[in-house]
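K.L.:
Provided herewith: structure-v4.cif, mmCIF, C-alpha atoms and all ligand atoms.
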```
data_model
#
loop_
_atom_site.label_atom_id
_atom_site.label_comp_id
_atom_site.auth_asym_id
_atom_site.auth_seq_id
_atom_site.Cartn_x
_atom_site.Cartn_y
_atom_site.Cartn_z
CA MET A 86 109.79 116.74 134.57
CA THR A 87 113.48 116.96 133.70
CA THR A 88 115.61 113.99 132.67
CA LEU A 89 119.30 113.97 131.91
CA PHE A 90 121.33 111.30 130.11
CA ILE A 91 125.08 111.35 130.59
CA ASN A 92 128.01 109.45 129.06
CA ILE A 93 125.97 108.41 126.01
CA LYS A 94 128.31 106.36 123.83
CA LEU A 95 126.71 107.76 120.66
CA LEU A 96 123.84 110.23 120.27
CA VAL A 97 122.47 109.49 116.83
CA ASN A 98 120.91 111.74 114.18
CA VAL A 99 121.59 115.04 115.86
CA ARG A 100 120.34 117.95 113.77
CA ASN A 101 119.76 121.66 114.26
CA ASP A 102 116.94 121.66 111.75
CA SER A 103 114.98 119.15 109.70
CA LYS A 104 115.60 118.69 106.02
CA LEU A 105 114.30 115.94 103.75
CA LEU A 106 117.28 113.83 102.68
CA ARG A 107 117.74 112.68 99.10
CA GLY A 108 120.46 110.91 97.14
CA SER A 109 123.91 111.03 98.67
CA ASP A 110 122.70 113.21 101.59
CA LEU A 111 121.13 110.06 103.03
CA GLN A 112 124.63 108.86 103.95
CA ASN A 113 125.17 111.75 106.29
CA LEU A 114 124.04 110.74 109.77
CA PRO A 115 125.30 113.34 112.26
CA CYS A 116 126.17 111.84 115.65
CA ILE A 117 127.88 112.97 118.86
CA GLU A 118 130.27 110.60 120.60
CA ASN A 119 130.29 110.67 124.40
CA ALA A 120 127.29 112.97 124.71
CA PHE A 121 124.72 114.30 127.14
CA LEU A 122 121.02 114.81 126.43
CA LEU A 123 118.58 116.91 128.45
CA ILE A 124 114.80 116.38 128.32
CA GLU A 125 112.45 119.01 129.74
CA ASP A 126 108.66 119.07 129.62
CA HIS A 127 108.38 116.22 127.10
CA VAL A 128 110.81 117.70 124.59
CA ILE A 129 114.51 117.65 123.79
CA ALA A 130 115.92 120.72 125.55
CA ASP A 131 119.68 120.43 125.07
CA PHE A 132 122.47 118.07 124.03
CA GLY A 133 126.18 118.19 123.37
CA PHE A 134 129.57 116.71 124.17
CA MET A 135 129.99 115.41 127.73
CA HIS A 136 133.08 117.58 128.19
CA GLN A 137 130.94 120.66 127.51
CA ILE A 138 128.01 119.82 129.82
CA PRO A 139 126.89 122.86 131.86
CA PRO A 140 127.82 122.06 135.51
CA SER A 141 124.31 122.97 136.75
CA TYR A 142 122.90 119.97 134.81
CA LEU A 143 124.86 117.57 137.01
CA LYS A 144 122.53 118.38 139.93
CA ILE A 145 119.42 117.07 138.12
CA PRO A 146 117.97 114.20 140.24
CA ALA A 147 116.66 112.15 137.29
CA THR A 148 120.06 111.51 135.75
CA PHE A 149 120.74 108.32 133.79
CA GLU A 150 124.32 107.22 133.31
CA VAL A 151 124.32 105.20 130.07
CA THR A 152 127.95 104.33 129.41
CA GLY A 153 128.33 101.99 126.41
CA LYS A 154 124.76 102.62 125.22
CA MET A 155 123.42 104.67 122.34
CA ILE A 156 120.39 106.92 121.99
CA LEU A 157 118.52 107.20 118.69
CA PRO A 158 115.37 109.08 117.73
CA SER A 159 112.48 106.58 117.64
CA TRP A 160 111.57 104.98 114.34
CA CYS A 161 109.02 106.87 112.25
CA ASP A 162 106.88 104.21 110.57
CA SER A 163 105.04 106.11 107.83
CA HIS A 164 103.09 103.22 106.27
CA THR A 165 101.05 100.72 108.28
CA HIS A 166 97.68 98.97 108.25
CA LEU A 167 97.89 98.26 111.97
CA VAL A 168 94.11 98.36 112.48
CA PHE A 169 92.84 94.99 111.27
CA ALA A 170 90.71 92.12 112.58
CA GLY A 171 92.15 88.68 113.20
CA SER A 172 94.93 87.24 111.09
CA ARG A 173 95.49 85.43 107.77
CA GLU A 174 97.94 82.62 108.47
CA LYS A 175 95.93 80.21 106.26
CA GLU A 176 96.94 82.32 103.25
CA PHE A 177 100.50 82.16 104.50
CA ILE A 178 100.26 78.39 104.03
CA ASP A 179 98.75 78.88 100.54
CA LYS A 180 101.77 81.04 99.73
CA ILE A 181 104.14 78.37 101.01
CA LYS A 182 102.36 75.93 98.69
CA GLY A 183 103.02 78.22 95.74
CA LEU A 184 100.01 80.48 95.21
CA THR A 185 100.85 84.06 94.28
CA TYR A 186 99.55 87.19 96.03
CA ALA A 187 97.36 87.91 92.98
CA GLU A 188 96.01 84.31 92.90
CA ILE A 189 95.09 84.46 96.56
CA ALA A 190 93.32 87.79 95.99
CA ALA A 191 91.44 86.34 92.98
CA LYS A 192 90.21 83.46 95.21
CA GLY A 193 88.49 85.91 97.56
CA GLY A 194 91.41 85.85 99.96
CA GLY A 195 93.71 88.75 100.59
CA ILE A 196 92.26 92.14 101.37
CA LEU A 197 88.66 90.93 100.91
CA ASN A 198 89.24 88.22 103.51
CA SER A 199 90.36 90.87 106.03
CA ALA A 200 87.37 93.03 105.08
CA LYS A 201 85.00 90.13 105.81
CA LYS A 202 86.55 89.68 109.26
CA LEU A 203 86.59 93.39 110.00
CA ASN A 204 82.96 93.96 109.13
CA VAL A 205 81.84 91.35 111.70
CA THR A 206 84.14 92.71 114.43
CA SER A 207 82.80 95.33 116.83
CA GLU A 208 84.49 98.72 117.04
CA GLU A 209 85.43 97.98 120.65
CA ASP A 210 87.05 94.64 119.78
CA LEU A 211 88.86 96.20 116.82
CA PHE A 212 90.19 98.92 119.12
CA ILE A 213 91.43 96.36 121.66
CA GLN A 214 93.24 94.29 118.99
CA SER A 215 94.78 97.40 117.44
CA TYR A 216 95.78 98.97 120.75
CA LYS A 217 97.71 95.80 121.61
CA ARG A 218 99.59 95.91 118.28
CA LEU A 219 100.37 99.58 118.77
CA GLN A 220 101.83 98.93 122.24
CA GLU A 221 103.92 96.13 120.78
CA VAL A 222 105.48 98.30 118.06
CA ILE A 223 106.07 101.16 120.51
CA LYS A 224 108.13 98.76 122.64
CA LEU A 225 110.05 97.89 119.45
CA GLY A 226 111.06 101.54 119.13
CA THR A 227 108.40 103.08 116.90
CA GLY A 228 107.76 106.64 118.05
CA ALA A 229 105.51 108.03 115.28
CA ILE A 230 103.19 106.07 113.02
CA GLU A 231 100.78 106.32 110.11
CA ILE A 232 97.78 103.98 110.09
CA LYS A 233 95.44 103.32 107.17
CA SER A 234 91.85 102.21 106.83
CA GLY A 235 91.06 99.96 103.86
CA TYR A 236 89.77 96.73 105.39
CA GLY A 237 86.23 98.06 105.76
CA LEU A 238 85.39 98.62 102.10
CA SER A 239 81.89 99.68 103.19
CA VAL A 240 80.77 103.03 104.54
CA GLU A 241 80.36 101.72 108.08
CA GLY A 242 83.47 99.51 107.95
CA GLU A 243 85.74 102.32 106.78
CA LEU A 244 84.31 104.75 109.33
CA LYS A 245 84.75 102.13 112.05
CA MET A 246 88.44 101.76 111.19
CA LEU A 247 89.02 105.50 111.08
CA ARG A 248 87.25 105.97 114.41
CA VAL A 249 89.49 103.31 115.94
CA ILE A 250 92.54 105.21 114.61
CA GLN A 251 91.10 108.41 116.08
CA ARG A 252 90.67 106.69 119.45
CA LEU A 253 94.25 105.43 119.28
CA LYS A 254 95.34 109.02 118.66
CA SER A 255 93.53 110.24 121.74
CA THR A 256 94.49 107.43 124.11
CA THR A 257 98.21 107.07 123.38
CA ARG A 258 101.23 109.40 123.43
CA ILE A 259 102.62 108.39 120.06
CA PRO A 260 102.00 110.83 117.16
CA ILE A 261 99.62 109.11 114.72
CA LYS A 262 98.58 110.10 111.20
CA SER A 263 95.44 108.61 109.71
CA THR A 264 94.95 107.65 106.06
CA PHE A 265 91.69 106.82 104.31
CA LEU A 266 92.22 103.81 102.01
CA GLY A 267 88.65 103.02 100.91
CA ALA A 268 90.21 102.31 97.49
CA HIS A 269 92.17 99.28 98.73
CA ALA A 270 90.19 96.66 96.77
CA ILE A 271 86.87 96.37 94.97
CA PRO A 272 84.42 94.59 97.32
CA SER A 273 82.92 91.43 95.79
CA GLU A 274 79.42 92.89 95.55
CA PHE A 275 80.81 95.62 93.24
CA LEU A 276 82.99 93.42 91.06
CA GLU A 277 80.59 93.75 88.12
CA ASN A 278 80.22 97.46 88.70
CA ARG A 279 83.43 98.92 90.01
CA GLU A 280 82.43 102.49 89.04
CA GLU A 281 79.61 102.28 91.54
CA TYR A 282 82.10 101.51 94.34
CA ILE A 283 84.28 104.47 93.31
CA GLN A 284 81.16 106.66 93.44
CA LEU A 285 80.38 105.27 96.91
CA ILE A 286 83.82 106.35 98.07
CA ILE A 287 83.48 109.81 96.54
CA GLU A 288 79.87 110.54 97.36
CA GLU A 289 79.33 108.78 100.68
CA MET A 290 82.57 107.90 102.41
CA LEU A 291 84.59 111.06 101.77
CA PRO A 292 81.90 113.54 102.88
CA ARG A 293 81.40 111.63 106.18
CA ILE A 294 85.16 111.44 106.72
CA GLY A 295 85.49 115.15 105.97
CA GLN A 296 82.64 116.02 108.30
CA GLU A 297 84.00 113.99 111.21
CA LYS A 298 87.64 114.99 110.42
CA LEU A 299 88.63 111.35 110.46
CA ALA A 300 91.64 111.34 108.12
CA ASP A 301 94.79 113.24 107.27
CA TYR A 302 95.53 111.56 103.91
CA ILE A 303 93.92 109.62 101.09
CA ASP A 304 95.50 106.47 99.67
CA VAL A 305 94.67 104.31 96.63
CA PHE A 306 96.03 100.86 95.78
CA CYS A 307 96.97 101.79 92.21
CA GLU A 308 97.56 98.39 90.63
CA LYS A 309 96.27 96.07 87.91
CA GLY A 310 93.09 94.38 89.16
CA PHE A 311 92.63 97.01 91.85
CA PHE A 312 92.47 100.72 90.86
CA SER A 313 93.74 102.23 87.60
CA THR A 314 95.82 105.38 87.25
CA GLU A 315 92.64 107.18 86.09
CA ASP A 316 90.72 105.97 89.15
CA THR A 317 93.64 107.08 91.31
CA GLN A 318 93.62 110.62 89.92
CA LYS A 319 89.87 110.87 90.30
CA LEU A 320 89.97 109.65 93.90
CA CYS A 321 92.89 111.88 94.85
CA LYS A 322 91.13 114.93 93.40
CA ALA A 323 88.02 114.04 95.39
CA GLY A 324 90.12 113.65 98.55
CA GLU A 325 91.75 117.02 97.97
CA GLN A 326 88.33 118.68 98.41
CA TYR A 327 88.38 117.50 102.02
CA GLY A 328 91.96 118.56 102.61
CA LEU A 329 93.37 115.03 102.26
CA LYS A 330 96.76 114.87 100.54
CA PRO A 331 97.61 111.66 98.66
CA LYS A 332 99.91 108.89 99.85
CA ILE A 333 99.73 106.17 97.19
CA HIS A 334 100.31 102.39 97.04
CA ALA A 335 102.41 102.37 93.87
CA ASN A 336 104.36 99.89 91.73
CA GLN A 337 104.02 96.95 94.10
CA LEU A 338 103.17 94.28 91.53
CA SER A 339 103.74 96.10 88.23
CA ALA A 340 105.14 99.29 86.72
CA SER A 341 101.64 100.65 86.27
CA GLY A 342 102.39 104.36 86.04
CA ALA A 343 101.29 104.79 89.66
CA VAL A 344 104.51 106.53 90.68
CA GLN A 345 104.13 109.11 87.90
CA VAL A 346 100.50 109.74 88.91
CA GLY A 347 101.53 110.16 92.55
CA VAL A 348 104.21 112.67 91.60
CA LYS A 349 101.78 114.53 89.33
CA MET A 350 99.21 114.69 92.15
CA ASN A 351 101.87 116.03 94.56
CA ALA A 352 101.54 112.99 96.77
CA VAL A 353 103.38 113.18 100.07
CA SER A 354 104.71 109.71 99.27
CA VAL A 355 104.46 106.84 96.81
CA ASP A 356 104.90 103.57 98.65
CA HIS A 357 106.11 100.01 97.87
CA LEU A 358 108.10 100.47 94.58
CA GLU A 359 109.05 96.81 94.15
CA VAL A 360 108.62 97.10 90.37
CA MET A 361 110.24 100.26 89.04
CA ASP A 362 110.98 101.23 85.45
CA GLU A 363 113.05 104.06 84.05
CA GLU A 364 110.18 106.55 83.81
CA ALA A 365 109.05 105.89 87.37
CA THR A 366 112.57 106.37 88.75
CA LYS A 367 113.04 109.51 86.70
CA ALA A 368 109.73 110.98 87.88
CA LEU A 369 110.63 110.34 91.49
CA SER A 370 114.18 111.61 91.28
CA ASN A 371 113.04 115.16 90.50
CA ALA A 372 110.10 115.20 92.86
CA SER A 373 109.29 116.40 96.35
CA THR A 374 107.24 113.19 96.67
CA ILE A 375 109.00 110.66 98.90
CA GLY A 376 109.50 107.06 97.76
CA THR A 377 108.67 104.85 100.73
CA LEU A 378 110.19 101.38 100.52
CA LEU A 379 108.50 98.47 102.30
CA PRO A 380 111.09 95.68 102.21
CA THR A 381 109.31 93.37 104.65
CA ALA A 382 106.39 93.10 102.17
CA ALA A 383 108.83 92.00 99.45
CA PHE A 384 110.44 89.61 101.95
CA PHE A 385 107.16 88.05 103.05
CA LEU A 386 105.78 87.73 99.51
CA ARG A 387 109.12 86.50 98.10
CA MET A 388 109.20 89.36 95.63
CA PRO A 389 112.22 91.24 94.34
CA TYR A 390 113.34 93.89 96.80
CA GLN A 391 112.92 97.58 96.02
CA PRO A 392 115.87 98.96 94.03
CA ALA A 393 117.07 101.16 96.86
CA ARG A 394 120.58 101.78 95.48
CA GLU A 395 119.29 102.82 92.10
CA LEU A 396 116.75 105.17 93.70
CA ILE A 397 119.36 106.72 95.98
CA ASN A 398 121.85 107.08 93.12
CA SER A 399 119.14 108.80 91.06
CA GLY A 400 118.70 111.40 93.80
CA CYS A 401 115.34 110.22 95.16
CA ALA A 402 114.21 111.00 98.70
CA ILE A 403 113.42 107.62 100.24
CA ALA A 404 111.88 106.49 103.50
CA LEU A 405 111.52 103.04 105.04
CA ALA A 406 108.34 101.71 106.63
CA SER A 407 106.94 98.41 107.90
CA ASP A 408 103.64 98.08 105.97
CA PHE A 409 102.39 96.19 109.07
CA ASN A 410 99.32 94.32 107.77
CA PRO A 411 97.85 90.80 107.98
CA GLY A 412 98.49 89.87 104.34
CA SER A 413 101.90 90.99 103.13
CA SER A 414 103.80 92.07 106.25
CA PRO A 415 102.44 90.68 109.51
CA SER A 416 105.19 92.44 111.45
CA GLY A 417 105.60 96.06 112.47
CA ASN A 418 109.17 95.62 113.64
CA MET A 419 111.13 98.58 112.27
CA ASN A 420 114.40 97.12 113.60
CA PHE A 421 113.97 94.28 111.14
CA VAL A 422 112.98 96.72 108.35
CA VAL A 423 116.26 98.59 108.90
CA ALA A 424 118.32 95.39 109.01
CA LEU A 425 116.65 93.93 105.91
CA SER A 426 117.25 97.17 104.01
CA CYS A 427 120.96 96.87 104.70
CA ILE A 428 121.17 93.12 104.12
CA GLN A 429 119.04 92.80 101.00
CA MET A 430 118.87 96.29 99.47
CA ARG A 431 122.49 97.21 100.21
CA MET A 432 121.59 100.36 102.08
CA LEU A 433 124.31 101.59 104.40
CA PRO A 434 123.31 101.66 108.08
CA GLU A 435 123.44 105.48 107.99
CA GLU A 436 121.10 105.57 104.99
CA ALA A 437 118.68 103.08 106.52
CA ILE A 438 118.57 104.92 109.86
CA ASN A 439 117.95 108.27 108.14
CA ALA A 440 115.25 106.70 105.95
CA ALA A 441 113.54 105.16 108.99
CA THR A 442 113.70 108.30 111.13
CA ILE A 443 113.89 111.78 109.62
CA ASN A 444 112.65 110.84 106.13
CA GLY A 445 109.93 108.67 107.66
CA ALA A 446 108.87 111.71 109.67
CA PHE A 447 108.65 113.76 106.46
CA ALA A 448 106.64 110.98 104.81
CA MET A 449 103.86 111.60 107.35
CA GLU A 450 104.57 115.30 107.95
CA VAL A 451 105.64 115.01 111.58
CA GLN A 452 109.18 116.27 110.91
CA ASN A 453 108.65 119.22 113.28
CA ILE A 454 108.10 116.94 116.25
CA ALA A 455 109.87 113.66 115.43
CA GLY A 456 112.60 111.94 113.43
CA SER A 457 115.81 113.43 114.87
CA ILE A 458 117.54 114.63 118.01
CA THR A 459 116.67 118.30 117.59
CA LYS A 460 115.89 120.88 120.27
CA GLY A 461 112.14 121.33 120.65
CA LYS A 462 111.20 117.94 119.16
CA LEU A 463 109.36 115.38 121.29
CA ALA A 464 111.65 113.23 123.41
CA ASN A 465 110.69 110.03 121.56
CA LEU A 466 113.81 107.96 121.97
CA ILE A 467 115.38 104.53 121.75
CA LEU A 468 117.99 103.68 124.40
CA THR A 469 120.04 100.71 123.20
CA GLN A 470 121.76 98.08 125.26
CA GLU A 471 125.56 98.22 125.33
CA ILE A 472 126.59 97.71 121.70
CA PRO A 473 129.98 97.96 119.98
CA SER A 474 129.02 100.23 117.09
CA LEU A 475 126.14 101.73 115.13
CA ASP A 476 126.68 99.19 112.33
CA TYR A 477 126.01 96.47 114.90
CA ILE A 478 122.30 97.44 114.90
CA PRO A 479 121.43 96.13 111.38
CA TYR A 480 124.25 93.56 111.47
CA SER A 481 122.84 91.69 114.46
CA PHE A 482 119.39 91.36 112.90
CA GLY A 483 116.74 89.62 114.96
CA HIS A 484 118.36 90.48 118.28
CA HIS A 485 116.48 92.76 120.62
CA LEU A 486 118.99 95.53 121.23
CA ILE A 487 116.58 98.04 122.76
CA GLU A 488 116.90 98.50 126.49
CA LYS A 489 114.21 101.13 126.95
CA VAL A 490 111.93 103.36 124.95
CA MET A 491 110.78 106.88 125.79
CA LEU A 492 107.73 108.68 124.42
CA ALA A 493 107.40 112.41 125.07
CA GLY A 494 109.93 112.17 127.89
CA ASP A 495 108.27 109.26 129.71
CA TRP A 496 109.50 105.67 129.79
CA VAL A 497 107.06 103.23 128.24
CA ASN A 498 108.77 100.08 129.53
N1 LIG A 501 99.15 96.18 98.70
C1 LIG A 501 98.16 96.54 99.27
N2 LIG A 501 97.95 96.55 100.58
C2 LIG A 501 98.74 95.90 101.54
C3 LIG A 501 98.45 94.46 101.66
C4 LIG A 501 97.18 94.25 102.19
C5 LIG A 501 96.78 92.86 102.44
O1 LIG A 501 97.24 91.91 101.78
O2 LIG A 501 95.96 92.75 103.34
C6 LIG A 501 100.22 96.18 101.31
O3 LIG A 501 100.56 97.34 101.37
O4 LIG A 501 101.02 95.27 101.07
ZN ZN A 502 100.36 99.01 102.47
#
```
Give the structure from this file in structure tokens form.
Ligand SMILES: N=CN[C@@H](CCC(=O)O)C(=O)O
Ligand SMILES: [Zn+2]
P.N.:
Amino acid sequence: MTTLFINIKLLVNVRNDSKLLRGSDLQNLPCIENAFLLIEDHVIADFGFMHQIPPSYLKIPATFEVTGKMILPSWCDSHTHLVFAGSREKEFIDKIKGLTYAEIAAKGGGILNSAKKLNVTSEEDLFIQSYKRLQEVIKLGTGAIEIKSGYGLSVEGELKMLRVIQRLKSTTRIPIKSTFLGAHAIPSEFLENREEYIQLIIEEMLPRIGQEKLADYIDVFCEKGFFSTEDTQKLCKAGEQYGLKPKIHANQLSASGAVQVGVKMNAVSVDHLEVMDEEATKALSNASTIGTLLPTAAFFLRMPYQPARELINSGCAIALASDFNPGSSPSGNMNFVVALSCIQMRMLPEEAINAATINGAFAMEVQNIAGSITKGKLANLILTQEIPSLDYIPYSFGHHLIEKVMLAGDWVN
């Protein structure tokens, strides 16, 4: 199947090769004005200026004339908890009434509440709920995604979640990476003996996950009241034995040393980063580990936003992701993530788009197939409506500016 786009107002994030962007490089968003784009056999085959289009292309039957519209690579959402059961809007009301995230967790709410729901939900039902959410975010322009377990917190619950992610991988066209987050919270029955739960993860969950090849990464919620930096190192080392690289929940509620541990463990990414101190920023600025910012979690929990400018000015490689989950970010809308990053974290539109595409791709190691308009990459694309400029995308937050979305060269809507 061959598809041609002509008269594209702006073809965004056009690159010959893929490089992780850090510091001031994030501002460089290469684009072609008045462009063509050729898709062949699911991948990007060619692109360039309209005035240089090879005449033979103009005979292609599936030609779309898109004057006034832009084409972007799909969003790469490298941090989600999209597989969950039910919802937690009652806690939302508790938050409105003034309870903190930590107070809700201490009351048996939070992650443990989702775990309770998940463990009484069948694998089939969980798949149906998750599949629906995945279709929704695809229509919102997400074209590659990472999904975590972590609401099972029991051997069977965690395996159930990871099997659902595996089924999503095999039944949809979107590239999916799977992360084992057994260390998301200590289940209530282990509260008096947390070591025993850590042993359960290491001795029972990980071997099963390794055997069934159910995960690509291991994650730990490294935070006071959850898992310590020592626990995190121990769990990451155990994960390494099964080929799982770390992607860590770090510095969400406190500067706990989680970022430094992630960097030391060669984590692919350290995610959240609401509460950074000098040492954490310094560790990240010299590292290949990506700092993934989750501004919608800060927004929803009324927490200070991640210090994006400081991180960029320190030379860090940063990505943006949605953290889609029922407790701290019940939205997987990457368009809002990008807008919020510009509005509240003072990221420039170019920086936010790079962080949500190419750097997001690196943060889940799909940079060879997604994240930019590059020959040979999957044709996972966003076609906008007619818009006046690129800056208009984050500026007009909350508007639905996407006309159509393509995954591997096929329209999904
Ligand atoms: N912080 C840890 N995990 C999730 C929240 C999970 C929940 O509240 O259910 C997060 O990334 O924000
Ligand atoms: Zn998360």
K.L.:
So the first atom is atom C3 of ligand LIG 501 (chain A) and the second is atom CA of Asn398 of chain A; what is the distance between them in Å, to one decimal place?
P.N.:
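For atom C3 of ligand LIG 501 (chain A) relative to atom CA of Asn398 of chain A, the distance reads 27.9 Å.
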K.L.:
For Gly133 of chain A, which residue out of A:Leu379, A:Ile458, A:Gly347, A:Glu274 is the nearest one, using all atoms listed in the file?
P.N.:
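So, comparing all the options, the nearest one is A:Ile458.
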K.L.:
Enumerate, as a list in words, the protein, DNA and RNA residues whose atoms approach (115.7, 121.6, 121.6) to within 6 Å, taking into account only C-alpha atoms and the coordinate frame of the file.
P.N.:
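The residues that fall inside the cut-off are Ile129, Ala130, Asp131, Thr459, Lys460 and Gly461 of chain A.
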K.L.:
Give the answer as one residue: which of A:Val168, A:Glu221, A:Thr87, A:Lys254 has the shortest atom-to-atom distance to Pro146 of chain A, using all atoms listed in the file?
P.N.:
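Checking each candidate against Pro146 of chain A, we get A:Thr87 as the closest.
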K.L.:
Pick out the residues sitting within 10 Å of segment 169-179 of chain A, and hand them over as JSON, numbers by chain; count only C-alpha atoms, and ignore anything fewer than 4 positions along from it in its own chain.
P.N.:
{"A": [183, 184, 185, 186, 188, 189, 190, 194, 195, 196, 198, 199, 200, 201, 202, 203, 204, 205, 206, 207, 210, 211, 212, 214, 215, 218, 233, 234, 235, 236, 237, 246, 385, 386, 409, 410, 411, 412, 413, 415]}
K.L.:
Neighbours of ligand ZN 502 (chain A) at 8 Å or closer, counting all atoms listed in the file: which residues, as a list in words?
P.N.:
His164, Thr165, His166, His334, Asp356, His357, Asp408, Phe409 and Asn410 of chain A
K.L.:
Could you jot down the atom CA of Lys224 of chain A to atom CA of Val490 of chain A separation for me, Å, one decimal place?
P.N.:
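Atom-to-atom, atom CA of Lys224 of chain A to atom CA of Val490 of chain A, that is 6.4 Å.
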K.L.:
Mind running segment 102-200 of chain A against segment 463-473 of chain A at 10 Å and telling me each contacting residue's nearest atom pair with the distance in Å (one decimal), counting all atoms listed in the file, chain and number ascending, as a tab-separated table?
P.N.:
```
residue	atom	partner	partner_atom	distance
A:Leu122	CA	A:Ala464	CA	10.0
A:Leu123	CA	A:Ala464	CA	9.3
A:Ile124	CA	A:Ala464	CA	6.6
A:Glu125	CA	A:Ala464	CA	8.6
A:Asp126	CA	A:Ala464	CA	9.0
A:His127	CA	A:Ala464	CA	5.8
A:Val128	CA	A:Leu463	CA	4.3
A:Ile129	CA	A:Ala464	CA	5.3
A:Ala130	CA	A:Ala464	CA	8.9
A:Val151	CA	A:Glu471	CA	8.5
A:Thr152	CA	A:Glu471	CA	7.7
A:Gly153	CA	A:Glu471	CA	4.8
A:Lys154	CA	A:Glu471	CA	4.5
A:Met155	CA	A:Thr469	CA	5.3
A:Ile156	CA	A:Leu468	CA	4.7
A:Leu157	CA	A:Ile467	CA	5.1
A:Pro158	CA	A:Leu466	CA	4.7
A:Ser159	CA	A:Leu466	CA	4.7
A:Trp160	CA	A:Ile467	CA	8.3
A:Cys161	CA	A:Asn465	CA	10.0
```
K.L.:
Put the listed atoms of segment 177-185 of chain A in a box along x, y and z with 3 Å added on every side and give me the centre and edge lengths in Å to one decimal, as lines of an AutoDock Vina configuration file.
P.N.:
```
center_x = 101.4
center_y = 80.0
center_z = 99.4
size_x = 11.4
size_y = 14.1
size_z = 16.2
```
K.L.:
Please, could N, CA and C atoms be added to segment 366-379 of chain A and the result written as a compact mmCIF listing (two decimals), in the coordinates of the input?
P.N.:
```txt
# COMPACT_ATOMS: atom_id res chain seq x y z
N THR A 366 111.41 105.90 87.99
CA THR A 366 112.57 106.37 88.75
C THR A 366 112.86 107.83 88.41
N LYS A 367 112.76 108.14 87.13
CA LYS A 367 113.04 109.51 86.70
C LYS A 367 112.04 110.49 87.32
N ALA A 368 110.77 110.10 87.31
CA ALA A 368 109.73 110.98 87.88
C ALA A 368 110.01 111.25 89.36
N LEU A 369 110.42 110.21 90.05
CA LEU A 369 110.63 110.34 91.49
C LEU A 369 111.90 111.11 91.83
N SER A 370 112.89 111.00 90.94
CA SER A 370 114.18 111.61 91.28
C SER A 370 114.10 113.13 91.28
N ASN A 371 113.14 113.69 90.55
CA ASN A 371 113.04 115.16 90.50
C ASN A 371 111.93 115.69 91.40
N ALA A 372 111.35 114.81 92.19
CA ALA A 372 110.10 115.20 92.86
C ALA A 372 110.26 115.47 94.35
N SER A 373 109.31 116.24 94.89
CA SER A 373 109.29 116.40 96.35
C SER A 373 108.60 115.19 96.98
N THR A 374 107.88 114.43 96.18
CA THR A 374 107.24 113.19 96.67
C THR A 374 108.31 112.20 97.15
N ILE A 375 108.04 111.61 98.32
CA ILE A 375 109.00 110.66 98.90
C ILE A 375 108.68 109.24 98.41
N GLY A 376 109.70 108.47 98.10
CA GLY A 376 109.50 107.06 97.76
C GLY A 376 109.68 106.23 99.02
N THR A 377 108.58 105.63 99.49
CA THR A 377 108.67 104.85 100.73
C THR A 377 108.80 103.36 100.39
N LEU A 378 109.89 102.78 100.82
CA LEU A 378 110.19 101.38 100.52
C LEU A 378 109.70 100.49 101.68
N LEU A 379 109.09 99.37 101.31
CA LEU A 379 108.50 98.47 102.30
C LEU A 379 109.13 97.08 102.14
```
